[in-house]
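See below for coords-v5.cif, which holds mmCIF, N, CA and C atoms.
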data_target
#
loop_
_atom_site.label_atom_id
_atom_site.label_comp_id
_atom_site.auth_asym_id
_atom_site.auth_seq_id
_atom_site.Cartn_x
_atom_site.Cartn_y
_atom_site.Cartn_z
N MET D 1159 41.26 -18.26 -119.77
CA MET D 1159 40.26 -17.59 -118.97
C MET D 1159 40.91 -17.13 -117.67
N ASN D 1160 40.71 -15.88 -117.35
CA ASN D 1160 41.27 -15.31 -116.14
C ASN D 1160 40.22 -15.31 -115.03
N LEU D 1161 40.70 -15.39 -113.81
CA LEU D 1161 39.80 -15.26 -112.67
C LEU D 1161 39.45 -13.80 -112.48
N PRO D 1162 38.31 -13.51 -111.85
CA PRO D 1162 37.95 -12.10 -111.66
C PRO D 1162 38.94 -11.40 -110.74
N PRO D 1163 39.08 -10.10 -110.88
CA PRO D 1163 40.04 -9.38 -110.03
C PRO D 1163 39.63 -9.45 -108.56
N ILE D 1164 40.62 -9.53 -107.69
CA ILE D 1164 40.34 -9.73 -106.27
C ILE D 1164 39.81 -8.45 -105.61
N PHE D 1165 40.17 -7.30 -106.11
CA PHE D 1165 39.77 -6.06 -105.46
C PHE D 1165 38.52 -5.44 -106.07
N GLN D 1166 37.85 -6.18 -106.94
CA GLN D 1166 36.59 -5.70 -107.49
C GLN D 1166 35.51 -5.91 -106.43
N LEU D 1167 34.86 -4.85 -106.03
CA LEU D 1167 33.86 -4.95 -104.99
C LEU D 1167 32.67 -5.75 -105.49
N GLY D 1168 32.11 -6.54 -104.62
CA GLY D 1168 30.95 -7.33 -105.00
C GLY D 1168 31.20 -8.80 -104.75
N PHE D 1169 30.73 -9.60 -105.68
CA PHE D 1169 30.75 -11.04 -105.50
C PHE D 1169 32.16 -11.61 -105.52
N SER D 1170 33.03 -11.09 -106.36
CA SER D 1170 34.36 -11.69 -106.48
C SER D 1170 35.16 -11.53 -105.19
N SER D 1171 35.08 -10.38 -104.55
CA SER D 1171 35.84 -10.20 -103.31
C SER D 1171 35.28 -11.10 -102.21
N LEU D 1172 33.97 -11.31 -102.18
CA LEU D 1172 33.37 -12.20 -101.19
C LEU D 1172 33.78 -13.65 -101.43
N ILE D 1173 33.82 -14.06 -102.69
CA ILE D 1173 34.23 -15.42 -103.01
C ILE D 1173 35.71 -15.63 -102.68
N TYR D 1174 36.54 -14.62 -102.94
CA TYR D 1174 37.95 -14.73 -102.58
C TYR D 1174 38.13 -14.80 -101.06
N LEU D 1175 37.33 -14.07 -100.30
CA LEU D 1175 37.41 -14.15 -98.85
C LEU D 1175 37.03 -15.55 -98.35
N ILE D 1176 36.01 -16.14 -98.96
CA ILE D 1176 35.63 -17.50 -98.60
C ILE D 1176 36.77 -18.46 -98.94
N LEU D 1177 37.40 -18.27 -100.09
CA LEU D 1177 38.52 -19.14 -100.48
C LEU D 1177 39.68 -19.02 -99.50
N ILE D 1178 40.02 -17.81 -99.11
CA ILE D 1178 41.11 -17.60 -98.16
C ILE D 1178 40.78 -18.22 -96.81
N TYR D 1179 39.53 -18.07 -96.36
CA TYR D 1179 39.11 -18.66 -95.08
C TYR D 1179 39.19 -20.18 -95.14
N ILE D 1180 38.73 -20.78 -96.24
CA ILE D 1180 38.79 -22.23 -96.37
C ILE D 1180 40.23 -22.71 -96.35
N LEU D 1181 41.12 -22.01 -97.03
CA LEU D 1181 42.53 -22.42 -97.07
C LEU D 1181 43.20 -22.30 -95.71
N ILE D 1182 42.98 -21.18 -95.03
CA ILE D 1182 43.64 -20.97 -93.73
C ILE D 1182 43.09 -21.92 -92.67
N MET D 1183 41.78 -21.98 -92.56
CA MET D 1183 41.19 -22.84 -91.52
C MET D 1183 41.36 -24.32 -91.86
N GLY D 1184 41.39 -24.67 -93.13
CA GLY D 1184 41.67 -26.05 -93.51
C GLY D 1184 43.09 -26.46 -93.16
N GLY D 1185 44.04 -25.56 -93.39
CA GLY D 1185 45.41 -25.84 -92.98
C GLY D 1185 45.55 -25.95 -91.47
N TYR D 1186 44.86 -25.10 -90.74
CA TYR D 1186 44.89 -25.16 -89.28
C TYR D 1186 44.26 -26.46 -88.79
N GLN D 1187 43.16 -26.84 -89.40
CA GLN D 1187 42.50 -28.08 -89.02
C GLN D 1187 43.40 -29.28 -89.32
N TYR D 1188 44.07 -29.27 -90.45
CA TYR D 1188 45.00 -30.34 -90.79
C TYR D 1188 46.13 -30.41 -89.77
N TYR D 1189 46.63 -29.26 -89.34
CA TYR D 1189 47.70 -29.21 -88.34
C TYR D 1189 47.22 -29.79 -87.02
N ILE D 1190 46.03 -29.43 -86.58
CA ILE D 1190 45.50 -29.92 -85.31
C ILE D 1190 45.31 -31.44 -85.36
N ILE D 1191 44.79 -31.94 -86.46
CA ILE D 1191 44.50 -33.37 -86.55
C ILE D 1191 45.78 -34.18 -86.73
N ARG D 1192 46.65 -33.78 -87.64
CA ARG D 1192 47.81 -34.61 -87.99
C ARG D 1192 49.00 -34.41 -87.05
N VAL D 1193 49.28 -33.19 -86.66
CA VAL D 1193 50.48 -32.94 -85.86
C VAL D 1193 50.19 -33.10 -84.38
N LYS D 1194 49.15 -32.49 -83.89
CA LYS D 1194 48.86 -32.55 -82.46
C LYS D 1194 48.01 -33.75 -82.07
N GLY D 1195 47.42 -34.42 -83.04
CA GLY D 1195 46.61 -35.61 -82.75
C GLY D 1195 45.27 -35.28 -82.12
N GLY D 1196 44.79 -34.10 -82.32
CA GLY D 1196 43.53 -33.69 -81.71
C GLY D 1196 42.33 -34.01 -82.59
N GLU D 1197 41.18 -33.72 -82.04
CA GLU D 1197 39.93 -33.91 -82.76
C GLU D 1197 39.36 -32.54 -83.10
N TYR D 1198 39.36 -32.20 -84.34
CA TYR D 1198 38.82 -30.92 -84.77
C TYR D 1198 38.12 -31.18 -86.11
N LYS D 1199 36.91 -31.64 -86.03
CA LYS D 1199 36.18 -31.99 -87.24
C LYS D 1199 35.20 -30.87 -87.59
N ARG D 1200 35.44 -30.25 -88.71
CA ARG D 1200 34.53 -29.25 -89.23
C ARG D 1200 34.64 -29.29 -90.74
N SER D 1201 33.50 -29.36 -91.37
CA SER D 1201 33.47 -29.44 -92.82
C SER D 1201 33.34 -28.04 -93.41
N PHE D 1202 34.12 -27.76 -94.43
CA PHE D 1202 34.05 -26.49 -95.12
C PHE D 1202 33.27 -26.59 -96.43
N VAL D 1203 32.65 -27.74 -96.65
CA VAL D 1203 31.88 -27.95 -97.88
C VAL D 1203 30.70 -26.98 -97.97
N PRO D 1204 29.96 -26.71 -96.88
CA PRO D 1204 28.88 -25.71 -97.01
C PRO D 1204 29.39 -24.33 -97.45
N LEU D 1205 30.56 -23.94 -96.99
CA LEU D 1205 31.13 -22.67 -97.46
C LEU D 1205 31.48 -22.74 -98.94
N GLY D 1206 31.96 -23.89 -99.39
CA GLY D 1206 32.24 -24.06 -100.81
C GLY D 1206 30.97 -23.98 -101.65
N VAL D 1207 29.87 -24.53 -101.12
CA VAL D 1207 28.60 -24.45 -101.83
C VAL D 1207 28.11 -23.01 -101.88
N VAL D 1208 28.28 -22.27 -100.79
CA VAL D 1208 27.91 -20.85 -100.78
C VAL D 1208 28.73 -20.08 -101.81
N ALA D 1209 30.02 -20.38 -101.90
CA ALA D 1209 30.87 -19.71 -102.90
C ALA D 1209 30.41 -20.04 -104.31
N LEU D 1210 30.02 -21.29 -104.55
CA LEU D 1210 29.52 -21.67 -105.87
C LEU D 1210 28.21 -20.95 -106.20
N ILE D 1211 27.32 -20.85 -105.22
CA ILE D 1211 26.05 -20.14 -105.44
C ILE D 1211 26.31 -18.66 -105.71
N LEU D 1212 27.23 -18.05 -104.98
CA LEU D 1212 27.58 -16.65 -105.24
C LEU D 1212 28.18 -16.49 -106.64
N GLY D 1213 28.98 -17.46 -107.07
CA GLY D 1213 29.54 -17.41 -108.42
C GLY D 1213 28.47 -17.50 -109.49
N ILE D 1214 27.47 -18.33 -109.26
CA ILE D 1214 26.37 -18.46 -110.23
C ILE D 1214 25.53 -17.19 -110.25
N ILE D 1215 25.28 -16.61 -109.08
CA ILE D 1215 24.53 -15.35 -109.03
C ILE D 1215 25.29 -14.24 -109.74
N ALA D 1216 26.60 -14.16 -109.53
CA ALA D 1216 27.41 -13.15 -110.21
C ALA D 1216 27.40 -13.39 -111.72
N TYR D 1217 27.43 -14.65 -112.12
CA TYR D 1217 27.38 -14.99 -113.55
C TYR D 1217 26.08 -14.49 -114.18
N ILE D 1218 24.97 -14.75 -113.50
CA ILE D 1218 23.67 -14.31 -114.02
C ILE D 1218 23.60 -12.80 -114.08
N GLN D 1219 24.12 -12.13 -113.06
CA GLN D 1219 24.11 -10.67 -113.05
C GLN D 1219 24.96 -10.10 -114.19
N LYS D 1220 26.13 -10.65 -114.42
CA LYS D 1220 27.00 -10.15 -115.49
C LYS D 1220 26.42 -10.43 -116.88
N ILE D 1221 25.77 -11.59 -117.05
CA ILE D 1221 25.13 -11.90 -118.32
C ILE D 1221 24.00 -10.91 -118.58
N ARG D 1222 23.23 -10.61 -117.53
CA ARG D 1222 22.13 -9.65 -117.68
C ARG D 1222 22.66 -8.27 -118.05
N GLN D 1223 23.75 -7.85 -117.42
CA GLN D 1223 24.35 -6.56 -117.77
C GLN D 1223 24.86 -6.55 -119.21
N ALA D 1224 25.45 -7.67 -119.64
CA ALA D 1224 25.94 -7.74 -121.02
C ALA D 1224 24.79 -7.66 -122.01
N PHE D 1225 23.71 -8.36 -121.74
CA PHE D 1225 22.57 -8.32 -122.66
C PHE D 1225 21.87 -6.97 -122.64
N ASP D 1226 21.84 -6.31 -121.49
CA ASP D 1226 21.26 -4.96 -121.44
C ASP D 1226 22.08 -3.98 -122.27
N SER D 1227 23.39 -4.07 -122.17
CA SER D 1227 24.24 -3.17 -122.97
C SER D 1227 24.14 -3.50 -124.45
N ILE D 1228 23.98 -4.77 -124.80
CA ILE D 1228 23.80 -5.14 -126.21
C ILE D 1228 22.47 -4.59 -126.72
N ALA D 1229 21.43 -4.66 -125.90
CA ALA D 1229 20.13 -4.15 -126.31
C ALA D 1229 20.16 -2.64 -126.51
N GLU D 1230 20.94 -1.94 -125.70
CA GLU D 1230 21.06 -0.48 -125.84
C GLU D 1230 21.79 -0.10 -127.12
N MET D 1231 22.82 -0.85 -127.47
CA MET D 1231 23.63 -0.51 -128.63
C MET D 1231 22.95 -0.89 -129.94
N GLY D 1232 22.11 -1.88 -129.92
CA GLY D 1232 21.44 -2.30 -131.15
C GLY D 1232 22.27 -3.28 -131.93
N ASP D 1233 22.83 -2.87 -133.06
CA ASP D 1233 23.63 -3.74 -133.91
C ASP D 1233 25.04 -3.83 -133.34
N ILE D 1234 25.51 -5.04 -133.10
CA ILE D 1234 26.80 -5.24 -132.45
C ILE D 1234 27.48 -6.45 -133.08
N SER D 1235 28.79 -6.48 -133.02
CA SER D 1235 29.52 -7.58 -133.65
C SER D 1235 29.47 -8.84 -132.77
N PRO D 1236 29.45 -10.02 -133.38
CA PRO D 1236 29.41 -11.26 -132.61
C PRO D 1236 30.66 -11.48 -131.76
N SER D 1237 31.80 -10.97 -132.19
CA SER D 1237 33.02 -11.16 -131.40
C SER D 1237 32.95 -10.38 -130.09
N LEU D 1238 32.32 -9.23 -130.11
CA LEU D 1238 32.15 -8.45 -128.88
C LEU D 1238 31.20 -9.15 -127.92
N VAL D 1239 30.16 -9.75 -128.44
CA VAL D 1239 29.21 -10.51 -127.61
C VAL D 1239 29.91 -11.72 -127.00
N ALA D 1240 30.68 -12.43 -127.80
CA ALA D 1240 31.39 -13.61 -127.30
C ALA D 1240 32.42 -13.23 -126.24
N GLY D 1241 33.09 -12.11 -126.41
CA GLY D 1241 34.05 -11.65 -125.41
C GLY D 1241 33.40 -11.28 -124.11
N ALA D 1242 32.24 -10.62 -124.19
CA ALA D 1242 31.53 -10.23 -122.96
C ALA D 1242 31.01 -11.45 -122.22
N ILE D 1243 30.51 -12.43 -122.94
CA ILE D 1243 29.96 -13.63 -122.30
C ILE D 1243 31.07 -14.51 -121.76
N SER D 1244 32.19 -14.61 -122.44
CA SER D 1244 33.27 -15.48 -121.96
C SER D 1244 33.92 -14.93 -120.70
N ASP D 1245 33.87 -13.62 -120.49
CA ASP D 1245 34.42 -13.06 -119.25
C ASP D 1245 33.59 -13.42 -118.03
N THR D 1246 32.33 -13.73 -118.22
CA THR D 1246 31.46 -14.02 -117.08
C THR D 1246 31.66 -15.42 -116.53
N TYR D 1247 32.30 -16.31 -117.29
CA TYR D 1247 32.49 -17.68 -116.82
C TYR D 1247 33.50 -17.78 -115.68
N SER D 1248 34.22 -16.74 -115.40
CA SER D 1248 35.24 -16.81 -114.36
C SER D 1248 34.62 -16.86 -112.96
N TYR D 1249 33.43 -16.33 -112.78
CA TYR D 1249 32.81 -16.34 -111.45
C TYR D 1249 32.38 -17.74 -111.00
N PRO D 1250 31.65 -18.51 -111.82
CA PRO D 1250 31.37 -19.88 -111.38
C PRO D 1250 32.62 -20.74 -111.27
N THR D 1251 33.63 -20.43 -112.09
CA THR D 1251 34.89 -21.17 -111.99
C THR D 1251 35.55 -20.94 -110.64
N LEU D 1252 35.52 -19.72 -110.17
CA LEU D 1252 36.07 -19.41 -108.84
C LEU D 1252 35.27 -20.10 -107.74
N GLY D 1253 33.95 -20.13 -107.88
CA GLY D 1253 33.11 -20.85 -106.92
C GLY D 1253 33.39 -22.34 -106.91
N LEU D 1254 33.57 -22.92 -108.10
CA LEU D 1254 33.92 -24.34 -108.18
C LEU D 1254 35.29 -24.62 -107.58
N LEU D 1255 36.22 -23.69 -107.73
CA LEU D 1255 37.54 -23.84 -107.11
C LEU D 1255 37.41 -23.89 -105.59
N CYS D 1256 36.59 -23.02 -105.02
CA CYS D 1256 36.36 -23.04 -103.57
C CYS D 1256 35.75 -24.36 -103.13
N LEU D 1257 34.75 -24.84 -103.88
CA LEU D 1257 34.10 -26.10 -103.53
C LEU D 1257 35.07 -27.27 -103.65
N GLY D 1258 35.90 -27.28 -104.68
CA GLY D 1258 36.87 -28.35 -104.84
C GLY D 1258 37.91 -28.36 -103.73
N ILE D 1259 38.38 -27.21 -103.32
CA ILE D 1259 39.35 -27.14 -102.22
C ILE D 1259 38.70 -27.57 -100.92
N ALA D 1260 37.43 -27.21 -100.71
CA ALA D 1260 36.73 -27.62 -99.50
C ALA D 1260 36.60 -29.15 -99.45
N TYR D 1261 36.28 -29.77 -100.58
CA TYR D 1261 36.21 -31.23 -100.62
C TYR D 1261 37.59 -31.87 -100.43
N LEU D 1262 38.62 -31.26 -100.98
CA LEU D 1262 39.98 -31.77 -100.79
C LEU D 1262 40.39 -31.73 -99.32
N ILE D 1263 40.07 -30.64 -98.66
CA ILE D 1263 40.38 -30.52 -97.23
C ILE D 1263 39.59 -31.53 -96.42
N LYS D 1264 38.33 -31.73 -96.79
CA LYS D 1264 37.52 -32.72 -96.09
C LYS D 1264 38.13 -34.13 -96.26
N TYR D 1265 38.59 -34.43 -97.46
CA TYR D 1265 39.20 -35.72 -97.71
C TYR D 1265 40.51 -35.89 -96.94
N LEU D 1266 41.33 -34.84 -96.90
CA LEU D 1266 42.61 -34.94 -96.22
C LEU D 1266 42.46 -35.06 -94.70
N ASN D 1267 41.41 -34.49 -94.15
CA ASN D 1267 41.25 -34.48 -92.70
C ASN D 1267 40.42 -35.64 -92.18
N GLN D 1268 40.12 -36.60 -93.00
CA GLN D 1268 39.38 -37.78 -92.51
C GLN D 1268 40.31 -38.81 -91.94
#

Represent the supplied structure as structure tokens.
Amino acid sequence: MNLPPIFQLGFSSLIYLILIYILIMGGYQYYIIRVKGGEYKRSFVPLGVVALILGIIAYIQKIRQAFDSIAEMGDISPSLVAGAISDTYSYPTLGLLCLGIAYLIKYLNQ
């Protein structure tokens, strides 16, 4: 299963931006806490939850588009249906990746 393309406008680019923000700011927060000994407590878990919700919304939208196109075509092969549906699972997977990294950063910075 491949992740959605990064330059596709819509939900995938927004989820990738959230992932990049979590990675950069989480690394900066780790640097402040571990190297400089400062106090910089901020949780990125809510951003991870937002990314997961966006992934689920994108999944529902893509499933709806797939079923609309199937309804327009009428008789269609099961392999084509399975291929269209399996491509939609990449959006919630990307959202779960963001949430998992946010929890990892929260764990490392405690």

Point-to-point distance in Å for CA of Ile1190 in chain D and atom C of Ser1171 in chain D: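 According to the coordinates, atom C of Ser1171 in chain D and CA of Ile1190 in chain D are separated by 27.3 Å.
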
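Among D:Gly1206, D:Gly1196, D:Pro1236, D:Pro1163, the residue with the shortest atom-to-atom distance to Ile1180 in chain D, counting all atoms listed in the file, is D:Gly1206.
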
Pairwise distance for atom C of Gln1219 in chain D and CA of Asn1160 in chain D, rounded to one decimal in Å: 17.2 Å

Alpha helix (DSSP H) call set, DSSP backbone run, range 1187-1218 of chain D, as a ChimeraX atom specification: /D:1187-1192,1203-1218

Length of the CA of Tyr1261 in chain D to CA of Ile1243 in chain D vector [Å]: 28.6 Å

Nearest to Leu1161 in chain D by atom-to-atom distance, counting only N, CA and C atoms, from D:Gln1223, D:Ser1201, D:Ser1237, D:Ser1248: D:Ser1248

Who sits within 6.5 Å of Leu1252 in chain D, all atoms listed in the file, same chain under 3 positions skipped, as an mmCIF file with N, CA and C atoms, in the coordinates of the input:
data_model
loop_
_atom_site.group_PDB
_atom_site.id
_atom_site.type_symbol
_atom_site.label_atom_id
_atom_site.label_comp_id
_atom_site.auth_asym_id
_atom_site.auth_seq_id
_atom_site.Cartn_x
_atom_site.Cartn_y
_atom_site.Cartn_z
ATOM 1 N N ALA D 1209 30.020 -20.380 -101.900
ATOM 2 C CA ALA D 1209 30.870 -19.710 -102.900
ATOM 3 C C ALA D 1209 30.410 -20.040 -104.310
ATOM 4 N N LEU D 1210 30.020 -21.290 -104.550
ATOM 5 C CA LEU D 1210 29.520 -21.670 -105.870
ATOM 6 C C LEU D 1210 28.210 -20.950 -106.200
ATOM 7 N N GLY D 1213 28.980 -17.460 -107.070
ATOM 8 C CA GLY D 1213 29.540 -17.410 -108.420
ATOM 9 C C GLY D 1213 28.470 -17.500 -109.490
ATOM 10 N N TYR D 1247 32.300 -16.310 -117.290
ATOM 11 C CA TYR D 1247 32.490 -17.680 -116.820
ATOM 12 C C TYR D 1247 33.500 -17.780 -115.680
ATOM 13 N N SER D 1248 34.220 -16.740 -115.400
ATOM 14 C CA SER D 1248 35.240 -16.810 -114.360
ATOM 15 C C SER D 1248 34.620 -16.860 -112.960
ATOM 16 N N TYR D 1249 33.430 -16.330 -112.780
ATOM 17 C CA TYR D 1249 32.810 -16.340 -111.450
ATOM 18 C C TYR D 1249 32.380 -17.740 -111.000
ATOM 19 N N LEU D 1255 36.220 -23.690 -107.730
ATOM 20 C CA LEU D 1255 37.540 -23.840 -107.110
ATOM 21 C C LEU D 1255 37.410 -23.890 -105.590
ATOM 22 N N CYS D 1256 36.590 -23.020 -105.020
ATOM 23 C CA CYS D 1256 36.360 -23.040 -103.570
ATOM 24 C C CYS D 1256 35.750 -24.360 -103.130
ATOM 25 N N LEU D 1257 34.750 -24.840 -103.880
ATOM 26 C CA LEU D 1257 34.100 -26.100 -103.530
ATOM 27 C C LEU D 1257 35.070 -27.270 -103.650
#

Residue among D:Asn1267, D:Ile1221, D:Tyr1174, D:Ile1228 lying closest to Leu1254 in chain D, counting only C-alpha atoms: D:Tyr1174

Env of Ile1182 in chain D: 12 Å cut, atoms = only C-alpha atoms, seq-sep filter 5 positions within chain, self excluded. Answer as a PDB file with N, CA and C atoms, keeping the file's coordinate frame.
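Output contents, as saved in out.pdb:
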ATOM      1  N   LEU D1175      37.330 -14.070-100.300  1.00  0.00           N
ATOM      2  CA  LEU D1175      37.410 -14.150 -98.850  1.00  0.00           C
ATOM      3  C   LEU D1175      37.030 -15.550 -98.350  1.00  0.00           C
ATOM      4  N   ILE D1176      36.010 -16.140 -98.960  1.00  0.00           N
ATOM      5  CA  ILE D1176      35.630 -17.500 -98.600  1.00  0.00           C
ATOM      6  C   ILE D1176      36.770 -18.460 -98.940  1.00  0.00           C
ATOM      7  N   LEU D1177      37.400 -18.270-100.090  1.00  0.00           N
ATOM      8  CA  LEU D1177      38.520 -19.140-100.480  1.00  0.00           C
ATOM      9  C   LEU D1177      39.680 -19.020 -99.500  1.00  0.00           C
ATOM     10  N   GLN D1187      43.160 -26.840 -89.400  1.00  0.00           N
ATOM     11  CA  GLN D1187      42.500 -28.080 -89.020  1.00  0.00           C
ATOM     12  C   GLN D1187      43.400 -29.280 -89.320  1.00  0.00           C
ATOM     13  N   TYR D1188      44.070 -29.270 -90.450  1.00  0.00           N
ATOM     14  CA  TYR D1188      45.000 -30.340 -90.790  1.00  0.00           C
ATOM     15  C   TYR D1188      46.130 -30.410 -89.770  1.00  0.00           C
ATOM     16  N   TYR D1189      46.630 -29.260 -89.340  1.00  0.00           N
ATOM     17  CA  TYR D1189      47.700 -29.210 -88.340  1.00  0.00           C
ATOM     18  C   TYR D1189      47.220 -29.790 -87.020  1.00  0.00           C
ATOM     19  N   PHE D1202      34.120 -27.760 -94.430  1.00  0.00           N
ATOM     20  CA  PHE D1202      34.050 -26.490 -95.120  1.00  0.00           C
ATOM     21  C   PHE D1202      33.270 -26.590 -96.430  1.00  0.00           C
ATOM     22  N   ILE D1259      38.380 -27.210-103.320  1.00  0.00           N
ATOM     23  CA  ILE D1259      39.350 -27.140-102.220  1.00  0.00           C
ATOM     24  C   ILE D1259      38.700 -27.570-100.920  1.00  0.00           C
ATOM     25  N   ALA D1260      37.430 -27.210-100.710  1.00  0.00           N
ATOM     26  CA  ALA D1260      36.730 -27.620 -99.500  1.00  0.00           C
ATOM     27  C   ALA D1260      36.600 -29.150 -99.450  1.00  0.00           C
ATOM     28  N   ILE D1263      40.070 -30.640 -98.660  1.00  0.00           N
ATOM     29  CA  ILE D1263      40.380 -30.520 -97.230  1.00  0.00           C
ATOM     30  C   ILE D1263      39.590 -31.530 -96.420  1.00  0.00           C
TER      31      ILE D1263
END

Option closest in space to Ala1216 in chain D, from D:Ile1178, D:Gly1168, D:Val1239, D:Met1231 [counting only N, CA and C atoms]: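 With only N, CA and C atoms as the atom set, the closest residue is D:Gly1168.
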